[in-house]
Each structure stands twice: as C-alpha cells, then as structure tokens.
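What follows is the content of final.txt (compact mmCIF, C-alpha atoms and all ligand atoms).
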```
# COMPACT_ATOMS: atom_id res chain seq x y z
CA MET A 1 -3.51 28.63 -1.24
CA ASN A 2 -2.53 26.51 -4.23
CA ALA A 3 -1.54 27.94 -7.58
CA PHE A 4 -4.48 28.09 -10.00
CA ASN A 5 -6.64 26.69 -7.20
CA PHE A 6 -9.79 27.71 -9.10
CA LEU A 7 -8.98 25.11 -11.77
CA THR A 8 -9.31 21.99 -9.63
CA PRO A 9 -12.14 20.54 -7.58
CA PRO A 10 -11.23 19.83 -3.95
CA ARG A 11 -10.84 16.27 -2.72
CA GLY A 12 -11.52 14.95 0.78
CA GLY A 13 -8.69 15.85 3.14
CA LYS A 14 -6.89 13.69 5.69
CA PRO A 15 -7.55 11.55 7.62
CA ARG A 16 -9.21 9.95 4.60
CA LYS A 17 -11.60 7.05 4.54
CA ALA A 18 -11.43 6.80 0.78
CA GLY A 19 -9.06 7.73 -1.99
CA ILE A 20 -6.07 6.56 0.02
CA THR A 21 -2.62 6.75 -1.57
CA MET A 22 0.16 4.49 -0.30
CA VAL A 23 3.66 5.31 -1.53
CA LEU A 24 6.67 3.02 -1.70
CA ASP A 25 9.83 4.42 -0.08
CA LYS A 26 12.79 2.26 -1.04
CA GLY A 27 15.35 4.22 0.86
CA MET A 28 14.89 7.96 0.42
CA GLY A 29 17.13 10.21 2.46
CA LEU A 30 15.55 12.26 5.24
CA GLN A 31 15.91 15.60 3.47
CA ALA A 32 14.66 14.32 0.12
CA ALA A 33 11.67 12.74 1.86
CA ARG A 34 10.95 15.97 3.75
CA ASP A 35 11.15 18.01 0.53
CA LEU A 36 8.73 15.63 -1.10
CA MET A 37 6.32 15.87 1.83
CA GLU A 38 6.48 19.67 1.79
CA ILE A 39 5.19 19.75 -1.75
CA SER A 40 2.90 16.71 -1.86
CA SER A 41 2.04 15.30 1.58
CA ASP A 42 -1.63 16.29 1.13
CA TYR A 43 -1.85 13.51 -1.44
CA VAL A 44 -0.25 10.73 0.62
CA ASP A 45 -1.82 8.73 3.46
CA PHE A 46 0.65 5.89 3.99
CA ILE A 47 4.24 5.33 3.03
CA LYS A 48 5.74 1.86 3.06
CA PHE A 49 9.44 1.33 3.70
CA GLY A 50 9.73 -1.39 1.06
CA TRP A 51 10.45 -5.05 1.87
CA GLY A 52 13.69 -5.45 3.89
CA THR A 53 15.19 -2.00 3.34
CA LEU A 54 14.98 -0.88 6.98
CA PRO A 55 17.80 -2.96 8.53
CA LEU A 56 20.19 -1.26 6.10
CA HIS A 57 19.55 2.21 7.49
CA ARG A 58 20.59 3.90 10.70
CA ARG A 59 17.94 3.49 13.38
CA ASP A 60 18.03 7.17 14.42
CA ILE A 61 17.46 8.30 10.83
CA VAL A 62 14.59 5.83 10.43
CA MET A 63 13.04 7.15 13.66
CA GLU A 64 13.38 10.70 12.42
CA LYS A 65 11.83 9.78 9.08
CA VAL A 66 8.83 8.13 10.75
CA GLU A 67 8.33 11.23 12.92
CA MET A 68 8.85 13.59 10.00
CA TYR A 69 6.26 11.71 7.88
CA ARG A 70 3.83 11.79 10.80
CA SER A 71 4.27 15.56 11.16
CA PHE A 72 2.79 15.70 7.64
CA ASN A 73 -0.03 13.29 8.64
CA VAL A 74 1.51 10.45 6.68
CA GLU A 75 1.82 7.09 8.46
CA ALA A 76 4.97 5.15 7.61
CA TYR A 77 5.19 1.40 8.04
CA PRO A 78 7.61 -1.43 7.23
CA GLY A 79 7.03 -3.72 4.24
CA GLY A 80 5.43 -7.09 4.84
CA THR A 81 8.58 -8.87 3.76
CA LEU A 82 10.35 -7.59 6.87
CA PHE A 83 7.66 -9.23 9.01
CA GLU A 84 8.16 -12.45 7.02
CA ILE A 85 11.92 -12.30 7.66
CA ALA A 86 11.21 -11.88 11.39
CA TYR A 87 8.91 -14.89 11.15
CA ILE A 88 11.49 -17.22 9.60
CA ASN A 89 13.96 -16.08 12.25
CA GLY A 90 11.45 -16.88 15.00
CA MET A 91 11.58 -13.22 16.08
CA VAL A 92 8.06 -11.86 15.64
CA PRO A 93 7.80 -10.64 19.27
CA GLU A 94 11.13 -8.82 18.90
CA TYR A 95 9.89 -7.43 15.57
CA LEU A 96 6.76 -5.99 17.19
CA GLU A 97 8.77 -4.53 20.03
CA GLU A 98 11.33 -2.85 17.75
CA ALA A 99 8.56 -1.53 15.49
CA GLY A 100 6.86 0.07 18.49
CA GLU A 101 10.12 1.55 19.80
CA ILE A 102 10.95 3.03 16.41
CA GLY A 103 7.57 4.72 16.41
CA PHE A 104 5.54 2.69 13.92
CA LYS A 105 1.81 2.53 14.56
CA THR A 106 0.93 0.56 11.45
CA LEU A 107 2.35 -2.81 10.37
CA GLU A 108 1.94 -4.92 7.26
CA ILE A 109 1.37 -8.63 7.79
CA SER A 110 1.82 -10.75 4.68
CA ASN A 111 2.78 -14.18 3.44
CA GLY A 112 3.98 -13.11 0.01
CA THR A 113 7.33 -14.89 0.05
CA VAL A 114 7.58 -17.09 3.11
CA ASN A 115 5.38 -20.12 3.52
CA ILE A 116 2.96 -19.04 6.25
CA SER A 117 -0.56 -20.47 6.15
CA ASN A 118 -3.37 -17.95 6.13
CA ASP A 119 -4.55 -19.24 9.51
CA GLU A 120 -1.16 -18.49 10.97
CA LYS A 121 -1.00 -15.13 9.20
CA CYS A 122 -4.35 -14.29 10.76
CA ARG A 123 -3.01 -15.16 14.22
CA PHE A 124 -0.19 -12.66 13.62
CA ILE A 125 -2.70 -10.06 12.47
CA GLU A 126 -4.58 -10.61 15.77
CA MET A 127 -1.33 -10.48 17.74
CA ALA A 128 -0.28 -7.20 16.13
CA VAL A 129 -3.73 -5.67 16.63
CA ASP A 130 -3.73 -6.80 20.29
CA THR A 131 -0.32 -5.18 20.72
CA GLY A 132 -1.89 -1.91 19.56
CA PHE A 133 -0.92 -1.71 15.89
CA ASN A 134 -3.11 -0.82 12.98
CA VAL A 135 -2.64 -3.75 10.59
CA ILE A 136 -2.69 -3.65 6.83
CA SER A 137 -2.49 -7.16 5.43
CA GLU A 138 -1.55 -8.28 1.98
CA VAL A 139 -3.01 -10.96 -0.25
CA GLY A 140 -0.95 -12.50 -3.04
CA LYS A 141 2.37 -14.22 -3.66
CA LYS A 142 5.52 -12.52 -4.88
CA ASP A 143 6.52 -15.49 -7.03
CA PRO A 144 4.41 -15.26 -10.20
CA ALA A 145 4.23 -19.06 -10.54
CA LEU A 146 2.79 -19.40 -7.02
CA ASP A 147 0.63 -16.31 -7.33
CA SER A 148 -1.01 -17.61 -10.50
CA GLN A 149 -2.31 -20.60 -8.53
CA LEU A 150 -4.53 -18.29 -6.50
CA ASP A 151 -7.87 -17.96 -8.23
CA PRO A 152 -10.10 -14.92 -7.67
CA GLU A 153 -12.47 -16.86 -5.38
CA GLU A 154 -9.54 -17.75 -3.14
CA ARG A 155 -8.31 -14.17 -3.08
CA VAL A 156 -11.75 -13.01 -1.95
CA GLU A 157 -11.75 -15.65 0.81
CA LEU A 158 -8.24 -14.65 1.98
CA VAL A 159 -9.25 -10.98 2.11
CA SER A 160 -12.26 -11.78 4.24
CA GLU A 161 -10.18 -13.93 6.62
CA ASP A 162 -7.67 -11.09 7.05
CA LEU A 163 -10.43 -8.53 7.69
CA ASN A 164 -12.10 -10.84 10.20
CA ALA A 165 -8.78 -11.22 11.99
CA GLY A 166 -8.62 -7.45 12.45
CA ALA A 167 -6.80 -6.02 9.45
CA SER A 168 -8.09 -2.51 8.78
CA MET A 169 -7.27 -2.76 5.08
CA VAL A 170 -5.98 -5.36 2.66
CA LEU A 171 -3.44 -4.78 -0.09
CA MET A 172 -3.83 -6.61 -3.36
CA GLU A 173 -0.27 -7.68 -4.15
CA ALA A 174 1.42 -6.34 -7.30
CA ARG A 175 4.96 -5.77 -6.03
CA GLU A 176 7.04 -2.80 -7.07
CA SER A 177 6.85 -3.81 -10.72
CA GLY A 178 3.10 -4.34 -11.20
CA GLN A 179 3.82 -7.02 -13.79
CA ASN A 180 2.99 -10.70 -14.06
CA ILE A 181 1.31 -10.83 -10.68
CA GLY A 182 -2.21 -10.75 -9.26
CA ILE A 183 -4.46 -8.77 -11.54
CA TYR A 184 -1.72 -7.73 -13.97
CA ASP A 185 -0.32 -9.63 -16.95
CA SER A 186 3.34 -9.69 -17.93
CA ASN A 187 3.01 -6.29 -19.63
CA GLY A 188 1.34 -4.73 -16.60
CA ASN A 189 -2.06 -4.70 -18.29
CA VAL A 190 -5.09 -5.28 -16.08
CA LYS A 191 -6.76 -8.70 -16.35
CA GLU A 192 -10.28 -7.37 -16.72
CA ASP A 193 -12.22 -10.52 -15.91
CA GLU A 194 -10.41 -11.07 -12.64
CA VAL A 195 -10.66 -7.44 -11.64
CA ASN A 196 -14.38 -7.30 -12.42
CA TYR A 197 -14.94 -10.31 -10.17
CA LEU A 198 -12.83 -8.86 -7.36
CA ILE A 199 -14.48 -5.45 -7.56
CA GLU A 200 -17.88 -7.08 -7.34
CA LYS A 201 -17.02 -9.30 -4.37
CA LEU A 202 -14.64 -7.18 -2.28
CA PRO A 203 -15.51 -4.27 0.06
CA SER A 204 -13.78 -1.56 -1.96
CA ASP A 205 -13.34 0.80 1.00
CA ARG A 206 -11.13 -1.83 2.71
CA ILE A 207 -8.98 -2.69 -0.32
CA ILE A 208 -5.81 -0.97 -1.49
CA TRP A 209 -4.98 -1.91 -5.07
CA GLU A 210 -1.24 -1.94 -5.65
CA ALA A 211 -0.94 -0.01 -8.91
CA PRO A 212 2.64 1.15 -9.46
CA GLN A 213 2.19 1.89 -13.16
CA LYS A 214 0.36 4.85 -14.64
CA ASN A 215 -1.92 2.77 -16.90
CA GLN A 216 -3.00 0.81 -13.81
CA GLN A 217 -3.77 3.98 -11.85
CA VAL A 218 -5.78 5.39 -14.76
CA TYR A 219 -7.64 2.10 -15.11
CA PHE A 220 -8.79 2.03 -11.48
CA ILE A 221 -9.69 5.71 -11.37
CA LEU A 222 -11.85 5.41 -14.48
CA LYS A 223 -13.32 2.11 -13.31
CA ILE A 224 -13.96 2.74 -9.60
CA GLY A 225 -13.59 6.50 -9.37
CA PRO A 226 -11.12 9.11 -8.10
CA ASP A 227 -11.62 7.87 -4.54
CA VAL A 228 -10.19 4.41 -5.18
CA ASN A 229 -7.41 3.34 -2.77
CA LEU A 230 -4.09 2.85 -4.57
CA GLY A 231 -0.72 1.60 -3.36
CA ASN A 232 2.94 1.08 -4.25
CA ILE A 233 2.99 4.48 -5.91
CA PRO A 234 6.56 5.56 -6.70
CA PRO A 235 7.49 8.73 -4.73
CA GLU A 236 8.10 10.69 -7.92
CA GLU A 237 4.57 9.90 -9.12
CA ILE A 238 2.63 11.31 -6.12
CA THR A 239 1.57 14.54 -7.77
CA ALA A 240 1.05 12.90 -11.16
CA LEU A 241 -1.36 10.39 -9.55
CA GLU A 242 -3.27 13.20 -7.83
CA THR A 243 -3.70 14.96 -11.18
CA ILE A 244 -5.21 11.75 -12.58
CA ARG A 245 -7.62 11.54 -9.62
CA ARG A 246 -8.66 15.17 -10.19
CA GLY A 247 -8.99 15.13 -13.96
CA LEU A 248 -5.96 17.38 -14.36
CA ARG A 249 -4.36 15.08 -16.94
CA GLY A 250 -5.57 14.06 -20.39
CA ASP A 251 -6.25 10.45 -19.34
CA THR A 252 -9.10 11.47 -17.03
CA LEU A 253 -9.87 15.09 -17.97
CA GLY A 254 -13.65 15.44 -18.10
CA LYS A 255 -14.07 11.80 -17.06
CA VAL A 256 -13.93 11.94 -13.26
CA ASN A 257 -16.43 13.33 -10.80
CA LEU A 258 -15.18 14.51 -7.45
C1 LIG B 301 6.73 -4.14 -2.46
C2 LIG B 301 7.46 -5.23 -2.23
O1 LIG B 301 7.59 -5.83 -0.98
P1 LIG B 301 6.92 -5.37 0.44
O2 LIG B 301 5.44 -5.40 0.25
O3 LIG B 301 7.40 -6.35 1.43
O4 LIG B 301 7.42 -3.99 0.70
C3 LIG B 301 8.23 -5.90 -3.34
O5 LIG B 301 8.96 -6.84 -3.04
O6 LIG B 301 8.11 -5.47 -4.52
O1 LIG B 302 6.10 -8.79 1.50
S1 LIG B 302 4.78 -8.44 1.16
O2 LIG B 302 4.65 -7.43 0.17
O3 LIG B 302 3.93 -9.61 0.97
```

Write out the structure in this file as structure tokens.
Amino acid sequence: MNAFNFLTPPRGGKPRKAGITMVLDKGMGLQAARDLMEISSDYVDFIKFGWGTLPLHRRDIVMEKVEMYRSFNVEAYPGGTLFEIAYINGMVPEYLEEAGEIGFKTLEISNGTVNISNDEKCRFIEMAVDTGFNVISEVGKKDPALDSQLDPEERVELVSEDLNAGASMVLMEARESGQNIGIYDSNGNVKEDEVNYLIEKLPSDRIIWEAPQKNQQVYFILKIGPDVNLGNIPPEEITALETIRRGLRGDTLGKVNL
C-alpha cells in the first residue's frame, strides 16, 4: 500500500491505453535504473534509450536493462535516431535483427535527422511491423529550421500516413530540450494556435506529446486531461509528473478529474 494512499485518486493501471508516460533514458546504469523502477515503475509505460546511446554500452548490460524494465512492465526501445543511423549505413535488416536479439519488442521509426521521405519511412514502419515489432513513429524534424517548414496540416497528414502504415502510436517531436521545435517556441512555451489545431485533428489516444519540461506537462494535463500521453520525460521527473496528473501539486490541485 502507498503512503497516504487515502489522499490520492487511483489512476488506470498497466497495460494502459491512455495516460501513457514515456521516459528518456540517456544512459542510466543498471542499478540506478532498477532503483528508479522500484519506486516509480507504476508511472512509466515506455522508456526510450535516447538517440544513438546504445552502441556505447555493453550489449549484455543493455540486454539486462531491457529485461529488468520489462519485469516492471515497462517496455524499453531504441531512439529513432539509431534507426536513422542504420538507414544511412544501409543496415536496416541488421538493425531489426539485432533489436530482436537484444530483446526489444518496440521500435521507433523516424526521419527526424536523416533525409528519408515519408513514403519510405512508412515502408520501414510496415517492415518492422511485419517482422513482429510494435512501432512507435515520430513526426517532426530535429533541425529547428527544417522543422519550422512543417505546417500543422502537414503534421496531421504525416501522422495519418504513419498510423495507416501500422504505427501503434505517433510521437510529436520535441527532442530532449522541448525548445524551438514543433509546438514549442524558443523558450519552451506552447504555441497555442498550432496545438489547438493538432488536438482537434489528431486521434489523441494514438499521439504521444513529447513534453520534457514541467510547464509543457502542466499545459497538456490541464488542456487534455490527466490521461494525456506524454513523452521524453526525464527519469528524475517521473514521480513529479505523476503528481501533476493526480492533482498532487499546486499546478493542478483541484483542477484535474481522474
Ligand atoms: C530524443 C532525441 O532523439 P531520439 O528520439 O532519437 O531518441 C533527441 O535527439 O533529443
Ligand atoms: O530520432 S528521432 O527522435 O526522430
């Protein structure tokens, strides 16, 4: 039983269909990650090994981490950038094989940095799904100058192409920083007009909003509700985010309904 459990409403448990939290792991050690899961795994659904961090870590430790996360019902997966690196090396089949051998069941397919047309990206989504992976795709560019050329109508179209190709969910790109990209301005503030349009047009249960900063998390929880899907959460913010979802922090106290 949790401490002071009578002071918080419950929230849907895992496996969740809504209120998904995706955390960014940029190289935590096995023990630190296990400690974190012991105290907060109930509040995490996916954990992404960020961008190209994986080839810098011992394979056996990565395998153990994937298994350890899964023992807490948390699915780990490699960042989309690693797929893009495999792509430019002409090694996507090898990438899929290694991912399977390491124990990943979910993959991220993106074209955030490397020039891959959305048609081609969709073929890789299909390929990964056919190979047996759950695919989360990502829409957006990591270079702010390129990303700003994507208007909201185009983003909606790209999301629907990815979903039609078999992606189970689509991430709205905001990188680790959450600044000057997608729906955030250079201070990390939400661009309301764009977000309103996207919220109206997109199937919210299939979207994960990357929201690394607290003000962004609060914004989406107040706007869409505590069951909004949020991603790129820093590991040290897992519990803090859950308090915001539950109205256990001043920003949302008395303002959320679970
Ligand atoms: C989160 C990032 O990359 P990826 O989605 O590839 O992990 C990033 O580069 O900030
Ligand atoms: O590399 S991804 O985040 O597009």

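Rounded to one decimal, CA of Glu67 in chain A and CA of Arg175 in chain A lie 25.7 Å from each other.
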
What's around Ile224 in chain A at 10 Å? Count only C-alpha atoms, leave out sequence neighbours fewer than 6 positions away in its own chain, and write the answer as a PDB file with C-alpha atoms, keeping the file's coordinate frame.
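And here's selection37.pdb as it stands now:
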```
ATOM      1  CA  ILE A 199     -14.480  -5.450  -7.560  1.00  0.00           C
ATOM      2  CA  SER A 204     -13.780  -1.560  -1.960  1.00  0.00           C
ATOM      3  CA  VAL A 256     -13.930  11.940 -13.260  1.00  0.00           C
TER       4      VAL A 256
END
```

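What separates CA of Glu101 in chain A from CA of Ile20 in chain A is a distance of 26.0 Å.
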
Produce the centre coordinates and the three edge lengths, each in Å to one decimal, of the box along x, y and z that contains all listed atoms of range 190-205 of chain A with 8 Å added on each side, as JSON.
```
{"center_x": -11.5, "center_y": -5.1, "center_z": -7.9, "size_x": 28.8, "size_y": 27.9, "size_z": 33.7}
```

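Note that the spacing between atom C2 of ligand LIG 301 (chain B) and CA of Ala86 in chain A amounts to 15.6 Å.
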
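Shortest atom-to-atom contact with ligand LIG 302 (chain B) among A:Met91, A:Ala76, A:Ile136, A:Val218: A:Ile136, counting only C-alpha atoms and all ligand atoms.
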
Legend entry - Contacts of ligand LIG 302 (chain B), 6 Å or closer, only C-alpha atoms and all ligand atoms, given as a PyMOL selection string: chain A and resi 51+79-81+110-112+138

Legend entry - Distance filter 9 Å around ligand LIG 301 (chain B), atoms: all atoms listed in the file, out as JSON, numbers by chain: {"A": [24, 25, 26, 48, 49, 50, 51, 52, 53, 78, 79, 80, 81, 82, 83, 84, 108, 110, 112, 113, 138, 142, 171, 173, 174, 175, 176, 177, 178, 210, 232]}

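If only C-alpha atoms are the atoms counted, then among A:Val114, A:Val170, A:Met37, A:Leu158 the closest residue to Asn134 in chain A is A:Val170.
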
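If only C-alpha atoms are the atoms counted, then among A:Gly19, A:Gly182, A:Gly247, A:Gly103 the closest residue to Asp143 in chain A is A:Gly182.
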
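Shortest atom-to-atom contact with Leu248 in chain A among A:Val74, A:Thr8, A:Ile208, A:Met68: A:Thr8, counting only C-alpha atoms.
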
Inset, instruction - Find, counting all atoms listed in the file, the residue in A:Ile85, A:Ala33, A:Leu258, A:Met169 that gets nearest to Glu64 in chain A. - result: A:Ala33

Inset, instruction - Write out as a PyMOL selection string the residues lying within 10 Å of Val190 in chain A, counting all atoms listed in the file and excluding same-chain residues fewer than 2 positions away. - result: chain A and resi 178-180+182-188+192-195+211+215-216+219-220

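When only C-alpha atoms are used to compute distances to Glu126 in chain A, the closest of the residues A:Gln31, A:Gln149, A:Ser168, A:Asn89 turns out to be A:Ser168.
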